[in-house]
$ cat structure-v7.pdb   # PDB, C-alpha atoms, pLDDT in the B column
ATOM      1  CA  MET H   1       0.000   0.000   0.000  1.00 75.00           C
ATOM      2  CA  SER H   2       1.349   3.432  -0.893  1.00 76.00           C
ATOM      3  CA  PRO H   3       2.327   6.046   1.739  1.00 80.00           C
ATOM      4  CA  ASP H   4      -0.577   8.219   0.569  1.00 82.00           C
ATOM      5  CA  GLU H   5      -3.038   5.451   1.454  1.00 84.00           C
ATOM      6  CA  TYR H   6      -1.637   5.183   4.982  1.00 86.00           C
ATOM      7  CA  HIS H   7      -1.954   8.926   5.486  1.00 88.00           C
ATOM      8  CA  LYS H   8      -5.532   8.817   4.159  1.00 88.00           C
ATOM      9  CA  MET H   9      -6.348   5.999   6.547  1.00 90.00           C
ATOM     10  CA  ALA H  10      -4.905   7.830   9.541  1.00 90.00           C
ATOM     11  CA  GLU H  11      -6.965  10.915   8.686  1.00 92.00           C
ATOM     12  CA  VAL H  12     -10.347   9.198   8.361  1.00 91.00           C
ATOM     13  CA  GLU H  13     -10.451   5.894  10.238  1.00 93.00           C
ATOM     14  CA  ASP H  14     -11.789   7.421  13.455  1.00 92.00           C
ATOM     15  CA  ALA H  15     -14.742   8.972  11.602  1.00 94.00           C
ATOM     16  CA  MET H  16     -15.435   7.188   8.307  1.00 96.00           C
ATOM     17  CA  TRP H  17     -18.487   4.915   8.424  1.00 97.00           C
ATOM     18  CA  TYR H  18     -16.652   1.826   7.165  1.00 97.00           C
ATOM     19  CA  TYR H  19     -13.891   1.872   9.780  1.00 97.00           C
ATOM     20  CA  ARG H  20     -16.266   2.693  12.605  1.00 96.00           C
ATOM     21  CA  ALA H  21     -18.476  -0.269  11.654  1.00 97.00           C
ATOM     22  CA  LEU H  22     -15.498  -2.590  11.205  1.00 97.00           C
ATOM     23  CA  HIS H  23     -14.016  -1.693  14.586  1.00 97.00           C
ATOM     24  CA  ARG H  24     -17.392  -2.071  16.265  1.00 96.00           C
ATOM     25  CA  HIS H  25     -17.870  -5.558  14.816  1.00 97.00           C
ATOM     26  CA  VAL H  26     -14.394  -6.670  15.928  1.00 97.00           C
ATOM     27  CA  THR H  27     -14.791  -5.202  19.421  1.00 95.00           C
ATOM     28  CA  ARG H  28     -18.135  -6.963  19.850  1.00 94.00           C
ATOM     29  CA  SER H  29     -16.673 -10.259  18.621  1.00 94.00           C
ATOM     30  CA  LEU H  30     -13.829 -10.079  21.157  1.00 93.00           C
ATOM     31  CA  SER H  31     -15.587  -8.697  24.211  1.00 81.00           C
ATOM     32  CA  ARG H  32     -17.766 -11.749  24.815  1.00 77.00           C
ATOM     33  CA  PRO H  33     -15.109 -14.509  24.930  1.00 75.00           C
ATOM     34  CA  LEU H  34     -12.194 -12.617  26.549  1.00 84.00           C
ATOM     35  CA  GLY H  35     -11.497 -11.763  30.163  1.00 79.00           C
ATOM     36  CA  SER H  36     -10.444  -8.381  31.479  1.00 79.00           C
ATOM     37  CA  ALA H  37      -6.694  -9.090  31.434  1.00 86.00           C
ATOM     38  CA  ALA H  38      -6.404 -10.545  27.925  1.00 94.00           C
ATOM     39  CA  ARG H  39      -3.386 -10.025  25.717  1.00 96.00           C
ATOM     40  CA  VAL H  40      -4.433  -9.115  22.165  1.00 97.00           C
ATOM     41  CA  LEU H  41      -2.446  -8.797  18.925  1.00 98.00           C
ATOM     42  CA  ASP H  42      -3.696  -6.732  15.995  1.00 98.00           C
ATOM     43  CA  ALA H  43      -1.809  -8.363  13.123  1.00 98.00           C
ATOM     44  CA  GLY H  44      -1.540  -5.785  10.361  1.00 97.00           C
ATOM     45  CA  CYS H  45      -2.581  -2.874  12.554  1.00 97.00           C
ATOM     46  CA  GLY H  46      -2.184  -0.187   9.893  1.00 95.00           C
ATOM     47  CA  THR H  47      -2.311   3.252  11.488  1.00 94.00           C
ATOM     48  CA  GLY H  48      -3.752   2.043  14.785  1.00 96.00           C
ATOM     49  CA  GLY H  49      -7.466   2.785  14.549  1.00 96.00           C
ATOM     50  CA  LEU H  50      -8.622  -0.611  15.823  1.00 97.00           C
ATOM     51  CA  LEU H  51      -6.114  -0.504  18.680  1.00 97.00           C
ATOM     52  CA  ARG H  52      -7.540   2.847  19.749  1.00 96.00           C
ATOM     53  CA  ARG H  53     -11.073   1.474  19.700  1.00 96.00           C
ATOM     54  CA  LEU H  54     -10.125  -1.669  21.627  1.00 96.00           C
ATOM     55  CA  HIS H  55      -8.368   0.392  24.299  1.00 95.00           C
ATOM     56  CA  GLU H  56     -11.443   2.580  24.697  1.00 95.00           C
ATOM     57  CA  ALA H  57     -13.669  -0.492  25.083  1.00 93.00           C
ATOM     58  CA  GLN H  58     -11.326  -2.573  27.280  1.00 93.00           C
ATOM     59  CA  PRO H  59      -8.601  -0.444  28.942  1.00 94.00           C
ATOM     60  CA  ALA H  60      -7.246  -3.439  30.885  1.00 93.00           C
ATOM     61  CA  TRP H  61      -6.390  -5.467  27.799  1.00 95.00           C
ATOM     62  CA  ARG H  62      -2.690  -5.634  26.892  1.00 96.00           C
ATOM     63  CA  LEU H  63      -2.624  -4.575  23.249  1.00 97.00           C
ATOM     64  CA  THR H  64       0.140  -5.090  20.692  1.00 98.00           C
ATOM     65  CA  GLY H  65       0.096  -3.947  17.083  1.00 98.00           C
ATOM     66  CA  LEU H  66       2.191  -5.319  14.221  1.00 98.00           C
ATOM     67  CA  ASP H  67       2.633  -4.015  10.703  1.00 97.00           C
ATOM     68  CA  PHE H  68       5.027  -4.699   7.846  1.00 95.00           C
ATOM     69  CA  PHE H  69       5.417  -1.075   6.741  1.00 93.00           C
ATOM     70  CA  PRO H  70       7.564   1.332   8.802  1.00 95.00           C
ATOM     71  CA  LEU H  71       5.280   4.292   8.009  1.00 94.00           C
ATOM     72  CA  ALA H  72       2.261   2.425   9.352  1.00 94.00           C
ATOM     73  CA  CYS H  73       4.185   1.539  12.529  1.00 96.00           C
ATOM     74  CA  ASP H  74       5.218   5.171  13.017  1.00 95.00           C
ATOM     75  CA  LEU H  75       1.672   6.446  12.546  1.00 95.00           C
ATOM     76  CA  ALA H  76       0.253   3.777  14.850  1.00 95.00           C
ATOM     77  CA  ARG H  77       2.748   4.680  17.588  1.00 95.00           C
ATOM     78  CA  GLU H  78       1.871   8.361  17.266  1.00 94.00           C
ATOM     79  CA  ARG H  79      -1.865   7.677  17.379  1.00 93.00           C
ATOM     80  CA  THR H  80      -1.948   5.010  20.112  1.00 93.00           C
ATOM     81  CA  GLY H  81       1.157   5.386  22.268  1.00 89.00           C
ATOM     82  CA  GLY H  82       1.091   1.594  22.544  1.00 89.00           C
ATOM     83  CA  GLU H  83       3.377  -1.306  21.710  1.00 96.00           C
ATOM     84  CA  ILE H  84       3.861  -1.452  17.942  1.00 97.00           C
ATOM     85  CA  VAL H  85       6.171  -4.087  16.466  1.00 97.00           C
ATOM     86  CA  PRO H  86       7.465  -4.196  12.874  1.00 97.00           C
ATOM     87  CA  GLY H  87       7.039  -7.537  11.140  1.00 97.00           C
ATOM     88  CA  SER H  88       5.137  -9.730   8.721  1.00 97.00           C
ATOM     89  CA  VAL H  89       1.900 -11.552   9.487  1.00 97.00           C
ATOM     90  CA  ALA H  90       3.404 -14.538   7.642  1.00 97.00           C
ATOM     91  CA  ALA H  91       6.348 -14.733  10.103  1.00 97.00           C
ATOM     92  CA  LEU H  92       5.234 -13.258  13.417  1.00 98.00           C
ATOM     93  CA  PRO H  93       8.111 -12.276  15.760  1.00 98.00           C
ATOM     94  CA  PHE H  94       6.431 -13.752  18.854  1.00 98.00           C
ATOM     95  CA  ALA H  95       6.789 -16.982  20.791  1.00 98.00           C
ATOM     96  CA  ASP H  96       4.232 -19.767  20.612  1.00 98.00           C
ATOM     97  CA  ALA H  97       1.067 -19.339  22.707  1.00 98.00           C
ATOM     98  CA  THR H  98       1.693 -15.657  23.496  1.00 98.00           C
ATOM     99  CA  PHE H  99      -1.765 -14.138  22.925  1.00 98.00           C
ATOM    100  CA  ASP H 100      -5.322 -14.708  24.090  1.00 97.00           C
ATOM    101  CA  ALA H 101      -6.668 -13.183  20.873  1.00 97.00           C
ATOM    102  CA  VAL H 102      -5.505 -12.119  17.428  1.00 98.00           C
ATOM    103  CA  THR H 103      -7.327  -9.698  15.159  1.00 98.00           C
ATOM    104  CA  SER H 104      -6.476  -9.182  11.505  1.00 98.00           C
ATOM    105  CA  CYS H 105      -8.619  -6.873   9.395  1.00 98.00           C
ATOM    106  CA  ASP H 106      -8.333  -6.912   5.603  1.00 97.00           C
ATOM    107  CA  VAL H 107      -4.664  -7.953   5.787  1.00 97.00           C
ATOM    108  CA  VAL H 108      -4.464 -11.669   4.906  1.00 98.00           C
ATOM    109  CA  CYS H 109      -5.850 -10.673   1.505  1.00 97.00           C
ATOM    110  CA  GLN H 110      -2.616  -8.722   0.923  1.00 96.00           C
ATOM    111  CA  VAL H 111      -0.015 -11.445   1.563  1.00 96.00           C
ATOM    112  CA  ALA H 112       1.329 -13.856  -1.021  1.00 96.00           C
ATOM    113  CA  ASP H 113       0.730 -16.946   1.152  1.00 97.00           C
ATOM    114  CA  PRO H 114      -2.459 -16.515   3.196  1.00 98.00           C
ATOM    115  CA  ALA H 115      -2.176 -20.046   4.602  1.00 98.00           C
ATOM    116  CA  ALA H 116       1.197 -19.171   6.166  1.00 98.00           C
ATOM    117  CA  ALA H 117      -0.318 -16.115   7.862  1.00 98.00           C
ATOM    118  CA  VAL H 118      -3.222 -18.088   9.293  1.00 98.00           C
ATOM    119  CA  ARG H 119      -0.863 -20.802  10.566  1.00 98.00           C
ATOM    120  CA  GLU H 120       1.133 -18.070  12.329  1.00 98.00           C
ATOM    121  CA  PHE H 121      -2.037 -16.737  13.980  1.00 98.00           C
ATOM    122  CA  HIS H 122      -2.738 -20.265  15.227  1.00 98.00           C
ATOM    123  CA  ARG H 123       0.832 -20.669  16.520  1.00 98.00           C
ATOM    124  CA  VAL H 124       0.935 -17.483  18.617  1.00 98.00           C
ATOM    125  CA  LEU H 125      -2.506 -18.054  20.173  1.00 98.00           C
ATOM    126  CA  ARG H 126      -2.853 -19.830  23.493  1.00 97.00           C
ATOM    127  CA  PRO H 127      -5.087 -22.922  23.573  1.00 96.00           C
ATOM    128  CA  GLY H 128      -8.657 -21.683  23.407  1.00 95.00           C
ATOM    129  CA  GLY H 129      -7.491 -18.363  21.987  1.00 96.00           C
ATOM    130  CA  VAL H 130      -9.725 -16.368  19.656  1.00 97.00           C
ATOM    131  CA  LEU H 131      -9.074 -15.128  16.122  1.00 98.00           C
ATOM    132  CA  VAL H 132     -11.214 -12.387  14.572  1.00 98.00           C
ATOM    133  CA  LEU H 133     -10.510 -12.151  10.847  1.00 98.00           C
ATOM    134  CA  THR H 134     -12.064  -9.890   8.226  1.00 98.00           C
ATOM    135  CA  MET H 135     -11.581 -10.156   4.474  1.00 98.00           C
ATOM    136  CA  PRO H 136     -13.005  -8.377   1.413  1.00 98.00           C
ATOM    137  CA  ALA H 137     -15.642 -10.588  -0.197  1.00 98.00           C
ATOM    138  CA  TYR H 138     -16.028 -12.190  -3.634  1.00 98.00           C
ATOM    139  CA  GLY H 139     -13.286 -12.567  -6.210  1.00 97.00           C
ATOM    140  CA  TRP H 140     -15.543 -11.130  -8.913  1.00 98.00           C
ATOM    141  CA  MET H 141     -15.676  -7.838  -6.964  1.00 98.00           C
ATOM    142  CA  TYR H 142     -11.935  -7.249  -7.390  1.00 97.00           C
ATOM    143  CA  SER H 143     -11.516  -3.687  -8.681  1.00 96.00           C
ATOM    144  CA  TYR H 144      -9.484  -0.487  -8.793  1.00 95.00           C
ATOM    145  CA  HIS H 145     -10.019  -0.101  -5.034  1.00 95.00           C
ATOM    146  CA  ASP H 146      -8.286  -3.403  -4.281  1.00 95.00           C
ATOM    147  CA  ARG H 147      -5.335  -2.504  -6.473  1.00 94.00           C
ATOM    148  CA  GLU H 148      -4.934   0.867  -4.758  1.00 93.00           C
ATOM    149  CA  VAL H 149      -4.965  -0.556  -1.226  1.00 93.00           C
ATOM    150  CA  GLY H 150      -2.752  -3.556  -2.033  1.00 94.00           C
ATOM    151  CA  ASN H 151      -5.282  -6.399  -1.982  1.00 96.00           C
ATOM    152  CA  LEU H 152      -4.181  -9.460  -3.947  1.00 97.00           C
ATOM    153  CA  ARG H 153      -7.472 -11.334  -3.616  1.00 97.00           C
ATOM    154  CA  ARG H 154     -11.025 -11.306  -2.313  1.00 98.00           C
ATOM    155  CA  SER H 155     -12.658 -14.379  -0.771  1.00 98.00           C
ATOM    156  CA  SER H 156     -16.039 -15.950  -0.156  1.00 98.00           C
ATOM    157  CA  ARG H 157     -17.132 -16.952   3.334  1.00 98.00           C
ATOM    158  CA  GLY H 158     -16.614 -20.607   2.425  1.00 98.00           C
ATOM    159  CA  GLU H 159     -13.070 -19.957   1.241  1.00 98.00           C
ATOM    160  CA  VAL H 160     -12.201 -18.131   4.463  1.00 98.00           C
ATOM    161  CA  ASN H 161     -13.655 -20.937   6.587  1.00 98.00           C
ATOM    162  CA  ALA H 162     -11.700 -23.560   4.644  1.00 98.00           C
ATOM    163  CA  LEU H 163      -8.483 -21.569   5.058  1.00 98.00           C
ATOM    164  CA  LEU H 164      -8.954 -21.368   8.834  1.00 98.00           C
ATOM    165  CA  ARG H 165      -9.958 -25.009   9.279  1.00 98.00           C
ATOM    166  CA  ALA H 166      -6.865 -26.125   7.346  1.00 98.00           C
ATOM    167  CA  ALA H 167      -4.738 -24.277   9.922  1.00 98.00           C
ATOM    168  CA  GLY H 168      -6.462 -26.052  12.825  1.00 98.00           C
ATOM    169  CA  PHE H 169      -9.082 -23.478  13.811  1.00 98.00           C
ATOM    170  CA  ALA H 170     -12.663 -24.244  14.811  1.00 98.00           C
ATOM    171  CA  ILE H 171     -15.137 -21.723  13.356  1.00 98.00           C
ATOM    172  CA  THR H 172     -17.439 -20.211  15.985  1.00 96.00           C
ATOM    173  CA  ALA H 173     -19.096 -17.472  13.899  1.00 96.00           C
ATOM    174  CA  SER H 174     -19.015 -16.676  10.192  1.00 98.00           C
ATOM    175  CA  THR H 175     -20.956 -14.051   8.294  1.00 98.00           C
ATOM    176  CA  TYR H 176     -20.872 -11.542   5.528  1.00 98.00           C
ATOM    177  CA  TRP H 177     -21.352  -7.924   6.519  1.00 98.00           C
ATOM    178  CA  ASN H 178     -21.517  -4.559   4.747  1.00 98.00           C
ATOM    179  CA  MET H 179     -24.609  -6.023   3.089  1.00 98.00           C
ATOM    180  CA  LEU H 180     -26.968  -3.037   2.880  1.00 98.00           C
ATOM    181  CA  PRO H 181     -24.489  -0.820   0.951  1.00 97.00           C
ATOM    182  CA  PHE H 182     -23.426  -3.742  -1.270  1.00 98.00           C
ATOM    183  CA  PRO H 183     -25.536  -2.804  -4.319  1.00 97.00           C
ATOM    184  CA  LEU H 184     -23.961   0.661  -4.278  1.00 96.00           C
ATOM    185  CA  ALA H 185     -20.481  -0.885  -4.108  1.00 97.00           C
ATOM    186  CA  VAL H 186     -21.256  -3.058  -7.152  1.00 97.00           C
ATOM    187  CA  LEU H 187     -22.434  -0.012  -9.089  1.00 97.00           C
ATOM    188  CA  ARG H 188     -19.371   2.056  -8.249  1.00 94.00           C
ATOM    189  CA  ARG H 189     -16.677  -0.562  -8.572  1.00 95.00           C
ATOM    190  CA  LYS H 190     -17.944  -2.783 -11.386  1.00 95.00           C
ATOM    191  CA  ILE H 191     -20.418  -0.788 -13.494  1.00 96.00           C
ATOM    192  CA  PHE H 192     -19.531   2.914 -13.126  1.00 94.00           C
ATOM    193  CA  PRO H 193     -15.891   3.042 -11.958  1.00 91.00           C
ATOM    194  CA  PRO H 194     -14.309   6.497 -11.616  1.00 89.00           C
ATOM    195  CA  ALA H 195     -12.368   7.913 -14.546  1.00 86.00           C
ATOM    196  CA  ARG H 196      -9.313   8.394 -12.336  1.00 84.00           C
ATOM    197  CA  PRO H 197      -9.177   5.338 -10.084  1.00 80.00           C
ATOM    198  CA  ALA H 198      -8.257   5.870  -6.434  1.00 85.00           C
ATOM    199  CA  SER H 199      -9.185   3.945  -3.331  1.00 90.00           C
ATOM    200  CA  ASP H 200     -12.589   4.536  -1.782  1.00 91.00           C
ATOM    201  CA  VAL H 201     -10.968   5.465   1.542  1.00 92.00           C
ATOM    202  CA  GLY H 202     -12.219   8.930   2.456  1.00 92.00           C
ATOM    203  CA  LEU H 203     -14.981  10.801   4.230  1.00 94.00           C
ATOM    204  CA  PHE H 204     -18.211  11.446   2.382  1.00 94.00           C
ATOM    205  CA  PRO H 205     -20.316  14.584   2.969  1.00 96.00           C
ATOM    206  CA  ALA H 206     -21.930  14.530   6.417  1.00 96.00           C
ATOM    207  CA  PRO H 207     -25.437  13.481   5.234  1.00 97.00           C
ATOM    208  CA  VAL H 208     -23.969  10.541   3.303  1.00 96.00           C
ATOM    209  CA  GLU H 209     -21.838   9.455   6.268  1.00 97.00           C
ATOM    210  CA  THR H 210     -24.923   9.647   8.496  1.00 97.00           C
ATOM    211  CA  PHE H 211     -26.867   7.486   6.043  1.00 97.00           C
ATOM    212  CA  PHE H 212     -24.180   4.801   5.993  1.00 97.00           C
ATOM    213  CA  HIS H 213     -23.796   4.941   9.777  1.00 97.00           C
ATOM    214  CA  GLY H 214     -27.521   4.186   9.987  1.00 98.00           C
ATOM    215  CA  LEU H 215     -27.210   1.181   7.672  1.00 98.00           C
ATOM    216  CA  MET H 216     -24.299  -0.148   9.705  1.00 98.00           C
ATOM    217  CA  ALA H 217     -26.235   0.309  12.964  1.00 97.00           C
ATOM    218  CA  LEU H 218     -28.950  -1.969  11.569  1.00 98.00           C
ATOM    219  CA  GLU H 219     -26.405  -4.617  10.608  1.00 98.00           C
ATOM    220  CA  HIS H 220     -24.631  -4.332  13.971  1.00 97.00           C
ATOM    221  CA  GLY H 221     -27.894  -4.851  15.812  1.00 97.00           C
ATOM    222  CA  TRP H 222     -28.739  -7.909  13.725  1.00 97.00           C
ATOM    223  CA  LEU H 223     -25.312  -9.509  14.112  1.00 96.00           C
ATOM    224  CA  GLY H 224     -25.323  -8.656  17.818  1.00 94.00           C
ATOM    225  CA  LEU H 225     -28.300 -10.984  18.199  1.00 95.00           C
ATOM    226  CA  GLY H 226     -26.128 -13.861  16.976  1.00 93.00           C
ATOM    227  CA  MET H 227     -27.594 -13.832  13.488  1.00 96.00           C
ATOM    228  CA  SER H 228     -25.685 -13.780  10.178  1.00 97.00           C
ATOM    229  CA  LEU H 229     -26.038 -11.988   6.851  1.00 98.00           C
ATOM    230  CA  PRO H 230     -26.289 -13.930   3.554  1.00 98.00           C
ATOM    231  CA  PHE H 231     -24.075 -11.642   1.436  1.00 98.00           C
ATOM    232  CA  GLY H 232     -22.073  -8.445   1.630  1.00 98.00           C
ATOM    233  CA  ASN H 233     -18.900  -6.679   0.632  1.00 98.00           C
ATOM    234  CA  SER H 234     -16.914  -8.157   3.543  1.00 98.00           C
ATOM    235  CA  VAL H 235     -16.494 -11.406   5.481  1.00 98.00           C
ATOM    236  CA  LEU H 236     -16.248 -11.526   9.294  1.00 98.00           C
ATOM    237  CA  THR H 237     -15.084 -14.766  10.901  1.00 98.00           C
ATOM    238  CA  VAL H 238     -14.493 -15.676  14.536  1.00 97.00           C
ATOM    239  CA  ALA H 239     -12.536 -18.859  15.241  1.00 98.00           C
ATOM    240  CA  ARG H 240     -10.892 -20.621  18.172  1.00 97.00           C
ATOM    241  CA  LYS H 241      -7.663 -22.536  18.616  1.00 97.00           C
ATOM    242  CA  SER H 242      -8.864 -25.842  20.048  1.00 86.00           C
TER     243      SER H 242
END
$ encode --input "structure-v7.pdb" --output "structure tokens"
Amino acid sequence: MSPDEYHKMAEVEDAMWYYRALHRHVTRSLSRPLGSAARVLDAGCGTGGLLRRLHEAQPAWRLTGLDFFPLACDLARERTGGEIVPGSVAALPFADATFDAVTSCDVVCQVADPAAAVREFHRVLRPGGVLVLTMPAYGWMYSYHDREVGNLRRSSRGEVNALLRAAGFAITASTYWNMLPFPLAVLRRKIFPPARPASDVGLFPAPVETFFHGLMALEHGWLGLGMSLPFGNSVLTVARKS
């Protein structure tokens, strides 16, 4: 991902509807199974937005962020003041059974060997540890946006589940999300792409952001009841190391 994309992310991820919904889903998925003193790794932490949200929700958790790109690590340190470690998700610089939970949001889709990354998540988790993984959905939705942010692939829910099971994980929850805006994403990315492609990371005008926040609140409420969504622009999976 280019330096410009990291700066864009740092500027908007505390306010943009997509990041706020993503962080809310991950926080909800972690809060139920983890105790108050859990140690959590955000593998591919980017500029630290999820770490900030997790600290707000659970101040007692011991949080560590990891990212491959030095600029992302620098921005995450500035924005969180927490422990940020440089490294690759495919070769984590941590001992076996170090963490109670690992999160990885839209990162495994950017590495050449996703199976190696998932095996590393399994290795550094303690027995019974929790993985929360998000991925962009559907290979046929690959577009200018994916190229700009460094995605190499998009995956179906079934493909994500198979990847995790092959690494030894047991799936505890699996759903699509970002369903209600999905028709708009198809229109923009596949039917009417912009003349000058750039990533879709950025704040919309306030009324548009409010509209999308409302859609995401509906999805969050539904998923919070333990339900799932049949399709969407993203996949959210929760798994355990048995």
$ closest_atom_pairs --input "structure-v7.pdb" --of "segment 26-65 of chain H" --to "segment 160-181 of chain H" --cutoff "12 Å" --atoms "only C-alpha atoms" --output "tab-separated table"
residue	atom	partner	partner_atom	distance
H:Val26	CA	H:Trp177	CA	11.8
H:Ser29	CA	H:Ala173	CA	9.0
H:Leu30	CA	H:Ala173	CA	11.6
H:Pro33	CA	H:Thr172	CA	10.9
$ atom_distance --input "structure-v7.pdb" --atom1 "atom CA of Leu133 of chain H" --atom2 "atom CA of Gly158 of chain H"
13.4 Å
$ resolve_selection --input "structure-v7.pdb" --expression "the PyMOL selection byres ((chain H and resi 201-210) around 10)" --output "PyMOL selection string"
chain H and resi 5-6+8-9+11-13+15-19+145+148-149+198-200+211-216
$ resolve_selection --input "structure-v7.pdb" --expression "the PyMOL selection byres ((chain H and resi 79) around 10)" --output "list in words"
Ala10, Thr47, Gly48, Gly49, Leu51, Arg52, Cys73, Asp74, Leu75, Ala76, Arg77, Glu78, Thr80, Gly81 and Gly82 of chain H
$ closest_atom_pairs --input "structure-v7.pdb" --of "segment 111-198 of chain H" --to "segment 85-94 of chain H" --cutoff "9 Å" --atoms "only C-alpha atoms" --output "tab-separated table"
residue	atom	partner	partner_atom	distance
H:Val111	CA	H:Ala90	CA	7.6
H:Ala112	CA	H:Ala90	CA	8.9
H:Asp113	CA	H:Ala90	CA	7.4
H:Pro114	CA	H:Ala90	CA	7.6
H:Ala115	CA	H:Ala90	CA	8.4
H:Ala116	CA	H:Ala90	CA	5.3
H:Ala117	CA	H:Ala90	CA	4.0
H:Val118	CA	H:Ala90	CA	7.7
H:Arg119	CA	H:Ala90	CA	8.1
H:Glu120	CA	H:Ala90	CA	6.3
H:Phe121	CA	H:Val89	CA	7.9
H:Val124	CA	H:Phe94	CA	6.6
$ closest_residue --input "structure-v7.pdb" --among "H:Ala57, H:Ala38, H:Ala72, H:Leu225" --to "Val130 of chain H" --atoms "all atoms listed in the file"
H:Ala38
$ closest_residue --input "structure-v7.pdb" --among "H:Arg123, H:Leu34, H:Trp61, H:Arg39" --to "Phe99 of chain H" --atoms "all atoms listed in the file"
H:Arg39
$ resolve_selection --input "structure-v7.pdb" --expression "the PyMOL selection byres ((chain H and resi 110) around 6)" --output "list in words"
Val107, Val108, Cys109, Val111, Gly150, Asn151 and Leu152 of chain H
$ residues_around --input "structure-v7.pdb" --residues "Tyr138 of chain H" --least-positions-apart "3" --cutoff "9 Å" --atoms "only C-alpha atoms" --output "list in words"
Met141, Tyr142, Arg153, Arg154, Ser155, Ser156, Arg157, Gly232, Asn233 and Ser234 of chain H
$ residues_around --input "structure-v7.pdb" --residues "Arg24 of chain H" --least-positions-apart "3" --cutoff "9 Å" --atoms "all atoms listed in the file" --output "PyMOL selection string"
chain H and resi 19-21+27-29+50+53+220
$ write_last_selection --input "structure-v7.pdb" --atoms "C-alpha atoms" --output "PDB file, keeping the file's coordinate frame"
ATOM      1  CA  TYR H  19     -13.891   1.872   9.780  1.00 97.00           C
ATOM      2  CA  ARG H  20     -16.266   2.693  12.605  1.00 96.00           C
ATOM      3  CA  ALA H  21     -18.476  -0.269  11.654  1.00 97.00           C
ATOM      4  CA  THR H  27     -14.791  -5.202  19.421  1.00 95.00           C
ATOM      5  CA  ARG H  28     -18.135  -6.963  19.850  1.00 94.00           C
ATOM      6  CA  SER H  29     -16.673 -10.259  18.621  1.00 94.00           C
ATOM      7  CA  LEU H  50      -8.622  -0.611  15.823  1.00 97.00           C
ATOM      8  CA  ARG H  53     -11.073   1.474  19.700  1.00 96.00           C
ATOM      9  CA  HIS H 220     -24.631  -4.332  13.971  1.00 97.00           C
TER      10      HIS H 220
END
$ atom_distance --input "structure-v7.pdb" --atom1 "atom CA of Asp106 of chain H" --atom2 "atom CA of Val235 of chain H"
9.3 Å
$ atom_distance --input "structure-v7.pdb" --atom1 "atom CA of Gly44 of chain H" --atom2 "atom CA of Phe68 of chain H"
7.1 Å
$ closest_residue --input "structure-v7.pdb" --among "H:Glu159, H:Ala137, H:Ser36, H:Gly221" --to "Ala185 of chain H" --atoms "only C-alpha atoms"
H:Ala137
$ closest_residue --input "structure-v7.pdb" --among "H:His55, H:His23, H:Arg32, H:Lys190" --to "Thr103 of chain H" --atoms "only C-alpha atoms"
H:His23
$ decode --input "structure-v7.pdb" --residues "segment 124-151 of chain H" --atoms "C-alpha atoms" --output "short mmCIF file (atom, residue, chain, number, x, y, z; two decimals), in the first residue's frame"
data_model
loop_
_atom_site.label_atom_id
_atom_site.label_comp_id
_atom_site.auth_asym_id
_atom_site.auth_seq_id
_atom_site.Cartn_x
_atom_site.Cartn_y
_atom_site.Cartn_z
CA VAL H 124 0.93 -17.48 18.62
CA LEU H 125 -2.51 -18.05 20.17
CA ARG H 126 -2.85 -19.83 23.49
CA PRO H 127 -5.09 -22.92 23.57
CA GLY H 128 -8.66 -21.68 23.41
CA GLY H 129 -7.49 -18.36 21.99
CA VAL H 130 -9.72 -16.37 19.66
CA LEU H 131 -9.07 -15.13 16.12
CA VAL H 132 -11.21 -12.39 14.57
CA LEU H 133 -10.51 -12.15 10.85
CA THR H 134 -12.06 -9.89 8.23
CA MET H 135 -11.58 -10.16 4.47
CA PRO H 136 -13.00 -8.38 1.41
CA ALA H 137 -15.64 -10.59 -0.20
CA TYR H 138 -16.03 -12.19 -3.63
CA GLY H 139 -13.29 -12.57 -6.21
CA TRP H 140 -15.54 -11.13 -8.91
CA MET H 141 -15.68 -7.84 -6.96
CA TYR H 142 -11.93 -7.25 -7.39
CA SER H 143 -11.52 -3.69 -8.68
CA TYR H 144 -9.48 -0.49 -8.79
CA HIS H 145 -10.02 -0.10 -5.03
CA ASP H 146 -8.29 -3.40 -4.28
CA ARG H 147 -5.33 -2.50 -6.47
CA GLU H 148 -4.93 0.87 -4.76
CA VAL H 149 -4.97 -0.56 -1.23
CA GLY H 150 -2.75 -3.56 -2.03
CA ASN H 151 -5.28 -6.40 -1.98
#
